[in-house]
Structures are given as structure tokens and as C-alpha cells.
file model.txt (compact mmCIF, C-alpha atoms)
# COMPACT_ATOMS: atom_id res chain seq x y z
CA MET A 1 156.20 -99.13 56.00
CA LEU A 2 154.07 -102.01 54.80
CA ASN A 3 150.79 -100.51 55.94
CA ALA A 4 150.48 -96.76 56.39
CA TYR A 5 147.01 -97.15 57.85
CA LEU A 6 147.75 -99.21 60.97
CA GLU A 7 148.27 -96.20 63.20
CA ASN A 8 146.03 -93.18 63.60
CA THR A 9 145.26 -90.35 66.01
CA LEU A 10 142.29 -91.96 67.78
CA VAL A 11 142.52 -91.88 71.58
CA TYR A 12 139.76 -93.15 73.84
CA ASP A 13 139.53 -92.78 77.59
CA SER A 14 137.06 -95.36 78.88
CA ALA A 15 137.17 -93.77 82.34
CA LEU A 16 135.06 -90.90 80.96
CA CYS A 17 132.52 -93.11 79.15
CA ASN A 18 128.90 -92.89 80.29
CA GLY A 19 127.78 -95.82 78.16
CA CYS A 20 125.44 -93.85 75.89
CA GLY A 21 126.61 -95.85 72.86
CA VAL A 22 126.57 -92.99 70.36
CA CYS A 23 130.14 -93.81 69.24
CA VAL A 24 129.06 -97.33 68.30
CA GLU A 25 126.16 -95.83 66.36
CA VAL A 26 128.04 -93.21 64.36
CA CYS A 27 131.22 -95.14 63.54
CA PRO A 28 131.10 -96.43 59.95
CA HIS A 29 133.87 -98.97 60.56
CA THR A 30 132.83 -100.68 63.82
CA VAL A 31 135.81 -99.34 65.72
CA PHE A 32 133.80 -99.34 68.98
CA GLU A 33 131.62 -101.97 70.60
CA MET A 34 129.50 -101.89 73.74
CA ASP A 35 131.00 -104.05 76.44
CA GLY A 36 128.48 -104.16 79.21
CA ARG A 37 127.85 -100.56 80.21
CA LEU A 38 130.92 -99.06 78.56
CA ALA A 39 132.16 -98.60 75.03
CA ARG A 40 135.30 -100.49 74.12
CA LEU A 41 137.80 -99.94 71.32
CA VAL A 42 137.71 -103.15 69.32
CA GLN A 43 139.43 -102.30 66.04
CA PRO A 44 141.22 -98.97 66.41
CA GLN A 45 143.27 -99.69 63.27
CA LYS A 46 140.12 -99.37 61.15
CA CYS A 47 139.54 -95.75 62.21
CA MET A 48 139.43 -93.34 59.24
CA GLU A 49 139.53 -90.24 61.44
CA CYS A 50 136.16 -88.90 60.28
CA GLY A 51 135.61 -87.41 63.73
CA ALA A 52 131.96 -88.45 64.12
CA CYS A 53 132.54 -90.19 67.48
CA GLN A 54 134.49 -87.29 68.97
CA LEU A 55 131.90 -84.71 67.91
CA ASN A 56 129.01 -86.75 69.30
CA CYS A 57 130.65 -87.88 72.55
CA ILE A 58 129.12 -85.59 75.16
CA GLN A 59 131.67 -86.83 77.73
CA GLY A 60 134.69 -85.80 75.68
CA ALA A 61 136.04 -89.33 76.09
CA ILE A 62 137.23 -89.56 72.49
CA ARG A 63 139.98 -87.55 70.81
CA VAL A 64 140.86 -87.81 67.16
CA GLU A 65 142.52 -85.40 64.76
CA SER A 66 139.80 -85.56 62.17
CA GLY A 67 140.29 -84.60 58.55
CA VAL A 68 139.97 -85.84 55.01
CA GLY A 69 142.06 -88.84 54.04
CA CYS A 70 142.50 -87.48 50.55
CA ALA A 71 145.92 -87.19 48.89
CA SER A 72 144.60 -84.93 46.17
CA ALA A 73 143.30 -82.39 48.73
CA MET A 74 146.57 -82.51 50.67
CA ILE A 75 148.68 -82.06 47.53
CA GLN A 76 146.57 -79.05 46.50
CA ALA A 77 146.89 -77.57 49.98
CA ALA A 78 150.67 -78.09 49.88
CA LEU A 79 150.92 -76.44 46.45
CA LYS A 80 148.89 -73.45 47.63
CA GLY A 81 150.91 -73.21 50.83
CA GLN A 82 147.92 -73.88 53.07
CA LYS A 83 148.43 -75.72 56.31
CA GLU A 84 145.08 -77.39 56.52
CA ALA A 85 143.84 -79.53 53.64
CA GLU A 86 140.22 -79.02 52.76
CA CYS A 87 138.48 -81.38 50.44
CA SER A 88 137.92 -79.57 47.23
CA CYS A 89 135.47 -81.80 45.39
CA ASN A 90 132.23 -80.05 44.58
CA MET B 1 98.93 -66.69 71.59
CA ILE B 2 99.31 -64.31 68.72
CA GLU B 3 102.60 -62.56 68.50
CA ILE B 4 102.00 -58.99 67.55
CA GLY B 5 104.55 -57.28 65.42
CA SER B 6 106.36 -60.39 64.29
CA ILE B 7 105.76 -61.57 60.79
CA SER B 8 105.72 -65.33 61.03
CA SER B 9 104.17 -66.41 57.78
CA ALA B 10 104.12 -70.18 57.60
CA PRO B 11 107.09 -71.22 55.51
CA GLN B 12 106.40 -73.10 52.36
CA ILE B 13 106.38 -76.89 52.45
CA HIS B 14 107.47 -78.28 49.11
CA ARG B 15 105.87 -81.43 47.77
CA SER B 16 107.83 -84.45 46.72
CA THR B 17 107.28 -88.09 45.84
CA SER B 18 109.27 -91.29 46.09
CA ARG B 19 109.16 -91.71 42.31
CA LEU B 20 112.15 -90.79 40.20
CA SER B 21 111.27 -89.18 36.86
CA PRO B 22 113.24 -89.55 33.63
CA ALA B 23 114.45 -85.98 34.26
CA ASN B 24 115.80 -87.04 37.67
CA ARG B 25 117.64 -89.97 36.09
CA TRP B 26 119.11 -87.71 33.41
CA ASP B 27 120.30 -85.37 36.14
CA HIS B 28 121.91 -88.34 37.97
CA PHE B 29 123.63 -89.36 34.75
CA LEU B 30 125.06 -85.87 34.26
CA ALA B 31 126.25 -85.78 37.87
CA ARG B 32 127.95 -89.15 37.44
CA VAL B 33 129.86 -88.05 34.35
CA GLY B 34 130.87 -84.79 36.00
CA VAL B 35 128.80 -82.30 34.01
CA ARG B 36 128.25 -79.11 36.07
CA ARG B 37 129.30 -80.96 39.19
CA SER B 38 128.26 -78.37 41.75
CA GLN B 39 124.93 -77.62 40.14
CA HIS B 40 122.96 -80.74 41.01
CA ARG B 41 121.00 -79.04 43.73
CA VAL B 42 117.65 -79.24 45.46
CA GLU B 43 116.24 -76.14 47.11
CA PRO B 44 116.88 -76.34 50.86
CA GLY B 45 113.79 -76.45 53.08
CA LEU B 46 111.02 -78.76 54.16
CA TYR B 47 109.47 -81.31 51.81
CA ALA B 48 106.33 -83.40 52.29
CA LEU B 49 106.57 -86.96 51.07
CA GLY B 50 103.19 -88.62 50.54
CA ASN B 51 100.57 -87.31 52.98
CA PRO B 52 102.39 -86.67 56.25
CA THR B 53 100.65 -85.88 59.54
CA PRO B 54 102.15 -84.13 62.59
CA ASP B 55 103.21 -87.58 63.83
CA SER B 56 105.14 -88.46 60.68
CA PRO B 57 108.92 -88.92 60.82
CA VAL B 58 111.31 -86.18 59.72
CA PHE B 59 114.31 -87.24 57.63
CA VAL B 60 117.24 -84.90 57.13
CA SER B 61 119.17 -84.79 53.86
CA ALA B 62 121.64 -82.78 51.79
CA ASN B 63 120.67 -80.55 48.88
CA TYR B 64 122.57 -82.69 46.38
CA THR B 65 120.12 -84.34 44.00
CA LEU B 66 121.79 -87.77 44.31
CA SER B 67 121.46 -87.63 48.12
CA PHE B 68 117.90 -86.28 48.19
CA ASP B 69 116.73 -88.67 45.47
CA ALA B 70 118.37 -91.69 47.13
CA LEU B 71 116.43 -90.83 50.29
CA ARG B 72 113.00 -90.21 48.80
CA SER B 73 113.17 -93.11 46.34
CA SER B 74 113.92 -95.43 49.30
CA LEU B 75 110.67 -94.44 51.00
CA PRO B 76 107.84 -95.59 48.73
CA GLY B 77 104.53 -95.74 50.59
CA ILE B 78 105.95 -93.90 53.59
CA ASP B 79 104.50 -90.57 54.65
CA GLY B 80 107.01 -88.20 56.13
CA TYR B 81 108.93 -84.96 55.94
CA ILE B 82 112.34 -84.37 54.44
CA LEU B 83 114.35 -81.49 55.83
CA VAL B 84 116.87 -80.52 53.17
CA LEU B 85 119.96 -78.72 54.47
CA ASP B 86 121.94 -76.27 52.37
CA THR B 87 125.14 -78.24 51.75
CA LYS B 88 126.03 -76.28 48.58
CA GLY B 89 125.12 -79.22 46.37
CA VAL B 90 127.47 -81.63 48.13
CA ASN B 91 126.54 -85.13 49.31
CA VAL B 92 125.92 -85.94 52.98
CA TRP B 93 129.24 -87.51 53.93
CA CYS B 94 131.51 -85.03 52.16
CA ALA B 95 129.41 -82.12 53.40
CA ALA B 96 129.63 -83.47 56.96
CA GLY B 97 133.41 -83.56 56.58
CA LYS B 98 133.39 -79.94 55.43
CA GLY B 99 130.95 -78.99 58.17
CA THR B 100 128.21 -77.73 55.84
CA PHE B 101 126.08 -80.72 56.80
CA GLY B 102 126.59 -79.57 60.33
CA THR B 103 125.09 -78.66 63.69
CA ASP B 104 124.61 -74.98 62.80
CA GLU B 105 122.88 -75.75 59.51
CA VAL B 106 120.55 -78.30 61.14
CA VAL B 107 119.60 -75.73 63.80
CA THR B 108 119.12 -72.93 61.25
CA ARG B 109 116.98 -75.09 59.00
CA VAL B 110 114.81 -76.41 61.85
CA MET B 111 114.12 -72.81 62.89
CA ALA B 112 113.62 -71.43 59.38
CA THR B 113 111.05 -74.09 58.48
CA HIS B 114 109.17 -73.69 61.79
CA LEU B 115 109.44 -77.45 62.16
CA LYS B 116 108.12 -77.24 65.72
CA ASP B 117 104.77 -76.08 64.37
CA VAL B 118 104.67 -78.70 61.63
CA VAL B 119 105.26 -81.84 63.69
CA SER B 120 104.14 -82.71 67.20
CA HIS B 121 107.10 -84.96 68.03
CA ARG B 122 110.69 -83.80 68.58
CA LYS B 123 112.81 -86.24 66.63
CA LEU B 124 115.01 -85.91 63.54
CA ILE B 125 116.30 -88.92 61.64
CA LEU B 126 119.72 -88.10 60.23
CA PRO B 127 121.78 -90.26 57.93
CA GLN B 128 124.58 -91.86 59.96
CA LEU B 129 127.17 -90.37 57.61
CA GLY B 130 126.05 -86.88 58.65
CA ALA B 131 127.54 -87.52 62.10
CA PRO B 132 131.06 -86.17 61.34
CA GLY B 133 129.44 -82.73 61.05
CA VAL B 134 126.63 -82.88 63.60
CA ALA B 135 126.78 -83.02 67.39
CA ALA B 136 123.47 -84.64 68.33
CA HIS B 137 123.50 -83.27 71.88
CA GLU B 138 124.10 -79.73 70.58
CA VAL B 139 121.10 -79.95 68.25
CA LYS B 140 118.98 -81.14 71.18
CA LYS B 141 120.14 -78.28 73.35
CA ARG B 142 119.54 -75.64 70.71
CA THR B 143 116.30 -76.84 69.08
CA GLY B 144 114.68 -79.33 71.42
CA PHE B 145 114.87 -81.99 68.71
CA TRP B 146 116.49 -85.36 69.41
CA VAL B 147 118.80 -86.56 66.70
CA GLU B 148 118.49 -90.18 65.77
CA TYR B 149 121.16 -91.57 63.46
CA GLY B 150 119.58 -93.82 60.88
CA PRO B 151 121.39 -96.32 58.69
CA VAL B 152 124.31 -95.48 56.37
CA ARG B 153 122.34 -96.37 53.26
CA ALA B 154 118.91 -94.88 52.54
CA ALA B 155 117.88 -98.22 51.07
CA ASP B 156 117.93 -99.72 54.59
CA LEU B 157 115.45 -97.13 55.92
CA PRO B 158 112.22 -99.13 55.47
CA GLU B 159 113.76 -101.99 57.47
CA TYR B 160 115.17 -99.54 60.02
CA LEU B 161 111.83 -97.80 60.53
CA LYS B 162 110.24 -101.00 61.84
CA THR B 163 112.30 -100.93 65.03
CA HIS B 164 114.35 -97.71 64.86
CA LYS B 165 117.37 -99.87 65.62
CA ALA B 166 120.08 -100.27 63.01
CA THR B 167 121.75 -103.64 62.67
CA PRO B 168 125.58 -103.64 62.67
CA ARG B 169 125.45 -104.24 58.91
CA MET B 170 123.36 -101.08 58.43
CA ARG B 171 125.97 -99.11 60.38
CA GLN B 172 128.94 -100.26 58.34
CA VAL B 173 130.27 -98.50 55.27
CA GLU B 174 131.57 -100.68 52.51
CA PHE B 175 133.09 -99.99 49.15
CA PRO B 176 131.73 -102.64 46.78
CA LEU B 177 132.55 -102.91 43.09
CA ARG B 178 129.38 -101.07 42.10
CA ASP B 179 130.31 -98.04 44.24
CA ARG B 180 133.83 -98.04 42.82
CA LEU B 181 132.59 -98.33 39.23
CA VAL B 182 130.30 -95.29 39.40
CA LEU B 183 133.28 -93.11 40.31
CA ILE B 184 135.24 -93.94 37.14
CA PRO B 185 133.41 -91.66 34.63
CA VAL B 186 134.00 -88.48 36.68
CA ASP B 187 137.69 -89.29 37.10
CA LEU B 188 137.98 -90.11 33.40
CA THR B 189 136.55 -86.75 32.35
CA GLN B 190 139.08 -85.06 34.64
CA VAL B 191 142.14 -86.86 33.30
CA PHE B 192 141.11 -86.88 29.65
CA LEU B 193 142.65 -83.59 28.51
CA PRO B 194 145.96 -83.94 30.43
CA MET B 195 146.22 -87.49 29.08
CA LEU B 196 145.66 -86.29 25.52
CA ALA B 197 148.25 -83.55 25.95
CA ALA B 198 150.80 -86.02 27.34
CA ALA B 199 150.13 -88.43 24.49
CA ILE B 200 150.75 -85.70 21.91
CA VAL B 201 153.98 -84.48 23.53
CA LEU B 202 155.26 -88.05 23.89
CA TYR B 203 154.53 -88.74 20.25
CA PHE B 204 157.27 -86.27 19.34
CA ILE B 205 159.69 -87.77 21.86
CA GLY B 206 159.19 -91.47 21.27
CA GLY B 207 156.55 -92.03 18.58
CA TRP B 208 153.17 -93.68 18.86
CA VAL B 209 154.35 -96.38 21.29
CA SER B 210 155.18 -93.67 23.81
CA SER B 211 151.79 -92.02 23.24
CA LEU B 212 150.14 -95.35 23.84
CA ALA B 213 152.20 -95.80 27.01
CA ALA B 214 150.88 -92.51 28.40
CA ILE B 215 147.30 -93.54 27.69
CA ALA B 216 147.90 -96.99 29.19
CA ALA B 217 149.42 -95.53 32.36
CA VAL B 218 146.54 -93.11 32.92
CA LEU B 219 143.78 -95.58 32.09
CA THR B 220 145.36 -98.23 34.32
CA GLY B 221 145.23 -95.75 37.19
CA THR B 222 141.76 -94.34 36.56
CA VAL B 223 139.87 -97.41 35.35
CA LEU B 224 141.66 -100.63 36.32
CA PHE B 225 142.84 -99.46 39.72
CA PRO B 226 139.39 -98.71 41.23
CA ILE B 227 138.02 -101.96 39.83
CA LEU B 228 140.87 -104.14 41.14
CA LEU B 229 141.50 -102.21 44.39
CA PRO B 230 140.63 -104.92 46.94
CA TRP B 231 142.46 -107.65 45.05
CA ILE B 232 145.79 -105.93 44.44
CA PRO B 233 148.27 -107.12 47.08
CA THR B 234 149.84 -104.70 49.63
CA HIS B 235 147.95 -102.21 51.83
CA ASN B 236 149.22 -98.86 50.63
CA PHE B 237 147.63 -97.27 47.61
CA SER B 238 150.97 -96.15 46.19
CA THR B 239 152.47 -99.64 46.22
CA LYS B 240 149.28 -101.08 44.78
CA GLY B 241 149.55 -98.50 42.01
CA PHE B 242 153.24 -99.28 41.38
CA LEU B 243 152.43 -102.99 41.07
CA LEU B 244 149.53 -102.48 38.70
CA GLY B 245 151.55 -99.97 36.68
CA LEU B 246 154.40 -102.45 36.39
CA LEU B 247 152.01 -104.95 34.83
CA ALA B 248 150.80 -102.29 32.39
CA ALA B 249 154.41 -101.43 31.55
CA LEU B 250 155.49 -105.00 30.75
CA PRO B 251 154.21 -105.14 27.15
CA PHE B 252 155.86 -101.77 26.47
CA ALA B 253 159.11 -102.99 27.98
CA LEU B 254 159.07 -106.06 25.76
CA ALA B 255 158.22 -104.08 22.64
CA PRO B 256 161.78 -102.92 21.75
CA PHE B 257 163.09 -106.50 22.00
CA LEU B 258 160.37 -107.82 19.69
CA ARG B 259 160.13 -104.93 17.26
CA HIS B 260 163.79 -103.96 16.98
CA PRO B 261 166.01 -107.05 17.23
CA ASP B 262 168.66 -105.08 15.30
CA TRP B 263 169.09 -102.42 18.02
CA THR B 264 172.06 -102.56 20.38
CA TRP B 265 171.42 -104.21 23.75
CA TYR B 266 171.78 -100.96 25.67
CA HIS B 267 169.34 -99.23 23.39
CA LYS B 268 166.72 -101.97 23.85
CA THR B 269 167.26 -102.14 27.61
CA GLY B 270 167.20 -98.37 27.84
CA GLN B 271 163.88 -98.08 26.13
CA ALA B 272 162.43 -100.90 28.23
CA LEU B 273 163.59 -99.07 31.34
CA GLU B 274 161.89 -95.84 30.24
CA PHE B 275 158.54 -97.58 30.34
CA LEU B 276 159.27 -99.64 33.47
CA LEU B 277 160.14 -96.44 35.34
CA ALA B 278 157.66 -93.88 34.01
CA ILE B 279 154.42 -95.88 33.68
CA PRO B 280 154.24 -97.29 37.26
CA ALA B 281 155.01 -93.82 38.65
CA VAL B 282 152.00 -92.33 36.87
CA THR B 283 149.72 -95.19 37.88
CA ALA B 284 150.91 -95.00 41.49
CA PHE B 285 150.26 -91.26 41.63
CA ILE B 286 146.72 -91.68 40.31
CA ALA B 287 146.18 -94.55 42.75
CA LEU B 288 147.34 -92.41 45.66
CA ASN B 289 144.91 -89.70 44.56
CA PHE B 290 142.09 -92.23 44.69
CA THR B 291 142.36 -92.30 48.50
CA GLY B 292 139.91 -89.40 48.78
CA SER B 293 137.28 -91.31 46.82
CA THR B 294 137.38 -94.31 49.10
CA THR B 295 135.36 -94.87 52.24
CA PHE B 296 138.13 -95.86 54.60
CA THR B 297 141.45 -94.00 54.35
CA SER B 298 142.51 -91.90 57.33
CA ARG B 299 144.25 -88.57 57.03
CA SER B 300 147.29 -89.69 59.00
CA GLY B 301 147.65 -92.80 56.85
CA VAL B 302 147.41 -90.86 53.60
CA ARG B 303 149.92 -88.33 54.88
CA ARG B 304 152.37 -91.11 55.76
CA GLU B 305 151.93 -92.57 52.29
CA MET B 306 152.53 -89.22 50.62
CA PHE B 307 155.79 -88.61 52.44
CA ALA B 308 156.97 -92.15 51.83
CA TYR B 309 156.14 -92.58 48.15
CA ILE B 310 155.74 -89.27 46.31
CA PRO B 311 159.54 -88.75 46.15
CA ALA B 312 159.91 -92.26 44.68
CA MET B 313 157.21 -91.46 42.12
CA ALA B 314 158.94 -88.24 41.13
CA TRP B 315 162.36 -89.90 40.82
CA THR B 316 161.24 -92.91 38.79
CA PHE B 317 159.06 -90.77 36.52
CA GLY B 318 161.81 -88.19 36.02
CA THR B 319 164.43 -90.83 35.28
CA GLY B 320 162.12 -92.57 32.80
CA ILE B 321 161.42 -89.35 30.90
CA LEU B 322 165.11 -88.38 31.01
CA LEU B 323 166.04 -91.72 29.47
CA ALA B 324 163.48 -91.17 26.72
CA VAL B 325 164.95 -87.76 25.94
CA VAL B 326 168.54 -89.08 25.99
CA PHE B 327 167.65 -91.83 23.54
CA ILE B 328 166.38 -89.27 21.04
CA PHE B 329 170.02 -88.24 20.63
CA VAL B 330 171.91 -91.51 20.95
CA ARG B 331 169.64 -93.40 18.58

call {"tool": "encode", "arguments": {"input": "model.txt", "output": "C-alpha cells"}}
result
Amino acid sequence: MLNAYLENTLVYDSALCNGCGVCVEVCPHTVFEMDGRLARLVQPQKCMECGACQLNCIQGAIRVESGVGCASAMIQAALKGQKEAECSCN
Amino acid sequence: MIEIGSISSAPQIHRSTSRLSPANRWDHFLARVGVRRSQHRVEPGLYALGNPTPDSPVFVSANYTLSFDALRSSLPGIDGYILVLDTKGVNVWCAAGKGTFGTDEVVTRVMATHLKDVVSHRKLILPQLGAPGVAAHEVKKRTGFWVEYGPVRAADLPEYLKTHKATPRMRQVEFPLRDRLVLIPVDLTQVFLPMLAAAIVLYFIGGWVSSLAAIAAVLTGTVLFPILLPWIPTHNFSTKGFLLGLLAALPFALAPFLRHPDWTWYHKTGQALEFLLAIPAVTAFIALNFTGSTTFTSRSGVRREMFAYIPAMAWTFGTGILLAVVFIFVR
């Protein structure tokens, strides 16, 4: 596994897109781009699974298992026997 | 129309300026070195910046002093309102991830401050990084206010306000050297005591060289790693950490050959191996833990890394320490 970050949980169904462009606006890593009247996935491998696009897509065209990409939070959750890691920085 | 029976006293509008005082800067310094980390708070509510009118823009922020101050200090000469959400003293992006900078809190705060009576327009400017917690269409439905996502960085706001269109650069999060450097002090304060404890224990096992090795391993992970992050080859944080740790271990591995030419070959090699195994494991573990501080690692990627490399870290570290203990007796 040379790069653990090439794959992620982002799934986009362009058939549901209404072209509002909010995904392009909220994505901090330019994963989406407007292509005419529809959004297009241009660099899915850069997705950090923050979930901003999914939450703001009124069409439900985007699915991503969002969560914190933080080893320290996941290790703490594992030690405490929790299933879901929550970031614990204050 | 006067509502009879309902007590709707106009909520207080706090005053603020775009100037940062020495007290603000001292507070920022304390936050950056990790002193009372959750206590750098601003009171949630509505703030007037300059002399706003009902037409002035409304900016939404978190009640973490570094977030609030970054916003207001980026708006010199601009009249507006700042709606501070209660994010429990956590910055915008992290709070959005936790959901405290979220749809419900935006709605609650808009209602509680009677924002509809304060401004005549129906638009909120949110920081883009608040989007993981806020559904713009939900806020519209529940409050009547349109959410507009401004730029990632508050510093780009004056430029943004000219057109209300963010350039692609304004929308992109980066992780430049400066942003990586400011994280080091907090991490250092967190590792300091464990590092000291490890150094003391190792002194009894292997003398001052071993103590120094512990300090080198931890400092390589907490200080050098964030600085060198983009330039270390490989993509995964763990392998980056192993590589950097190996470099830090080299002088320690050479030490027995230079300092003790009289030792047997297996003794010299053994001690070199202790350092070559234990130091990179520590550095790699700290490097892996840095993922949460970065602006780009995904949860599924970090999880894959953890499963792939934590066992290797545990084995190499354990073997290194075991060797050190064995050599106490065979010396």
C-alpha cells in the first residue's frame, strides 16, 4: 500500500445533479468542478471526507462516509472501546 | 404589531473592533502554546463591527478567540455584524466536524439574537470551512436566511466582498509551512512530560545515550516532521515517519562503533539495532498522529494506515527495547 489516501468513500451520482454548484463552493480540495450545467468529479482522490458537499447537496447526489481523518482520535476511540471516533481536541 | 404577553426585550448587541489589543495577542500566544486550551472563548451572540446599518453584512464565526479575532481583524474599515455561534471554544473547521458549528446552532443563534429585526436583508456569510456542519438549504428553510459561503481564509474577505464570488484559490485549503509551524508548540507541551519520563527510565537501561535517543525520537516526530512533511518522500504518514526516524537513528547506531571499538561485534551491532528499531517506530507513531492536525487526510485513508503500520511500529519498538534490556545482562 504505497498510498493509503488514493481511495475514499466519496460517491457522486451526476444523474441527480441540479447544477447548483454548492459542492464546488464548499469543497476545500477542488474535488468537483462545474462542467456546463452539471458538477463533475475531477479529483476524487483528493477528497478528505469532510462531508461538506453531502450535507449541502439538496439533491442527495453525493454520498460520503464523513469523519475525522485523525489517527489520535481513532486510537483513543479504540482504547475506550467506542465504535465511532470523535475528535477530542478542545 | 405589539405582541402582548411575550417578553421580547431586544437582545444585547456587543461592540467590537477590527483592532487586536495586546491582551488579544497574549491570549493568542497562550492558545498557541496550549495553556487552558478550551478556555479561549468569546461570548456567543451578535457583535457590531464599526457602525453597521440594517443593510450591513452579517458574518458568522465560532466562539474561539483565534477564529473570532481572525475574522474581525480582517475587516478593518468594514461595517458589519458578527454572529458568534457557541462552538464550546473550538475553531470553525473542527467545530463543523463535531457538528457544534452546525445547522441547529446557526438557527438557534439567529433566533436568539432577533437578527431579523436587526438587519433588513436575509443573508449570512459563513466561512467555507463551516460547511461540514451546516446545511445551507436547511438554514434557509428554518430561518429565512440565505447562507453564502465566503472564502476559507478570513484574510480574503475584503477581496471577496467586492464581488461576493470566491476565486478557486480562496476556496482551496492549503497547509503551508507557517500553518505547520504554529502547531508545534502545542504538540511539544503535550509530549514533554512523557518524553522526560522515557528519558529517565532509559537512562537506567542504557545510560545517557539512550536518554538522548528518546528525546531525539520524540523531537524528530513533533518538530522536524511537521516542518519537513511535504518534502519527505512517500505518501503515507507512517512511512514518512519511519524514514525520518531512521535518519535520526543513524548517529545513535554509529555511536557504539565509534565509542567502543573494544566491544565484540555482536554487542556493537546489537546496540546499533536497538536504536535503528526503536527510534523510527516512535517517530512514525508521532507522525501518524499528526494526521488529525493536517488539512487533507481522509478518515478511510488514516484507518488504512493504522491497520497497515501500527503493528509494525509495535513490533520494531518492542524488539528494540527488548534488545536494550537483553544487553544489560550480556554486557

call {"tool": "interface_residues", "arguments": {"input": "model.txt", "of": "chain B", "to": "chain A", "cutoff": "9 Å", "atoms": "only C-alpha atoms", "output": "VMD selection string"}}
result
chain B and resid 37 to 39 88 to 91 94 97 to 98 128 to 138 149 to 150 152 166 168 171 to 174 234 to 236 288 to 306 308

call {"tool": "atom_distance", "arguments": {"input": "model.txt", "atom1": "CA of Ala48 (chain B)", "atom2": "CA of Tyr81 (chain B)"}}
result
4.7 Å

call {"tool": "axis_aligned_box", "arguments": {"input": "model.txt", "around": "region 76-85 of chain A", "padding_each_side": "3 Å", "output": "JSON"}}
result
{"center_x": 147.4, "center_y": -76.4, "center_z": 51.5, "size_x": 13.1, "size_y": 12.3, "size_z": 16.1}

call {"tool": "closest_residue", "arguments": {"input": "model.txt", "among": "A:Met34, A:Ala61, A:Val42, A:Ala77", "to": "Leu16 (chain A)", "atoms": "all atoms listed in the file"}}
result
A:Ala61

call {"tool": "closest_residue", "arguments": {"input": "model.txt", "among": "B:Pro176, B:Gln271, B:Tyr266, B:Leu202", "to": "Leu229 (chain B)", "atoms": "only C-alpha atoms"}}
result
B:Pro176
